Amino acid sequence: PPILSSITEFEDSLCGFKVNSRSFVFTPAGYPESWPTIYEVPLDSELHDIGITAAELNGSLGLFTRDSVWRLMRLPREVDSAFASGEVRARVTGERGCISRRGVARYTIPGQGEMLAFVSRDGIYITNLDQVFPATDGVEWTDRVDSTYIHLSTLTNDPVNRRLVYLYRKPEDTENRGVMYLNYETGQLRITHADHGALSSSAY
């Protein structure tokens, strides 16, 4: 296999982004050891973009680069009449992408279904892989989050407490001490900030 910066599973294939590339590669279904060079979905962009991570949502795969978000409907296969990777993907937005490899979380809004939240340069955003919505417009983002270390921040879902947990570095700190809760139990995101000691990661 090529050297990958992230890896996931989708439609019985192992998939991932090549290191320092926006090319998404995958294996034939059921053959995780096989990586044909044609099995690739290039994400065309006018920017010198880099693939960050991927997450599945309602049968599609969200592909997150630093500056864009894409929807992959399915993986092209050799049985297709034409092995055209461009026909299976669509760009959701080219205005922003995900910065952290651990910065995407899937969660379920009561009565609305599943959504993906992701960490961008200027805040946390929500997507259904059709549209993108801001989640932290009411937060003084640049005053609270050190933009230099956003790539080390972590966004996870805490389904027991029905909230997203964002761990980040504050401008005045040398470690990840910031904690932001995005509570979604009412269907509307309610943001609160907690005071904690040093946190570098989370487990669930």
# chains A, B, ... in the order shown; residues from 1 in each chain; ligands from 1
>>> select_by_dssp(residues="chain A", states="strand (DSSP E or B)", output="ChimeraX atom specification")
/A:4-10,13-18,23-26,40-42,51-57,60-65,69-72,89-93,104-109,113-120,123-127,132-134,154-158,163-168,178-183,190-195
>>> residues_around(residues="Glu140 in chain A", least_positions_apart="4", cutoff="12 Å", atoms="only C-alpha atoms", output="list in words")
Asp122, Gly123, Ile124, Thr136, Arg144, Val145, Asp146, Lys170, Ile191 and His193 of chain A
>>> atom_distance(atom1="CA of Gly16 in chain A", atom2="CA of Ile150 in chain A")
21.5 Å
>>> closest_residue(among="A:Cys98, A:Asp143, A:Ser13, A:Arg190", to="Glu172 in chain A", atoms="only C-alpha atoms")
A:Asp143
>>> select_by_dssp(residues="range 8-199 of chain A", states="helix (DSSP H, G or I)", output="list of chain:residue names")
A:Ser85, A:Gly86, A:Glu87, A:Trp141, A:Thr142, A:Asp143, A:Arg144, A:Ser147, A:Thr148, A:Tyr149, A:Ile150, A:His151, A:Leu152
>>> atom_distance(atom1="CA of Thr156 in chain A", atom2="CA of Leu182 in chain A")
10.3 Å
>>> closest_residue(among="A:Pro171, A:Gly62, A:Pro110, A:Pro28", to="Pro159 in chain A", atoms="only C-alpha atoms")
A:Pro110
>>> closest_residue(among="A:Gln112, A:Ser6, A:Ser23, A:Asn128", to="Ser60 in chain A", atoms="only C-alpha atoms")
A:Asn128
>>> closest_residue(among="A:Leu72, A:Ile50, A:Ala29, A:Met180", to="Val92 in chain A", atoms="only C-alpha atoms")
A:Leu72
>>> residues_around(residues="Gly59 in chain A", least_positions_apart="2", cutoff="10 Å", atoms="only C-alpha atoms", output="count of residues only")
9
>>> atom_distance(atom1="CA of Ile38 in chain A", atom2="CA of Ser100 in chain A")
27.8 Å
>>> closest_residue(among="A:Phe17, A:Tyr107, A:Tyr125, A:Trp141", to="Asp158 in chain A", atoms="only C-alpha atoms")
A:Tyr107
>>> closest_residue(among="A:Glu185, A:Val69, A:Ala55, A:Glu33", to="Val160 in chain A", atoms="only C-alpha atoms")
A:Glu185
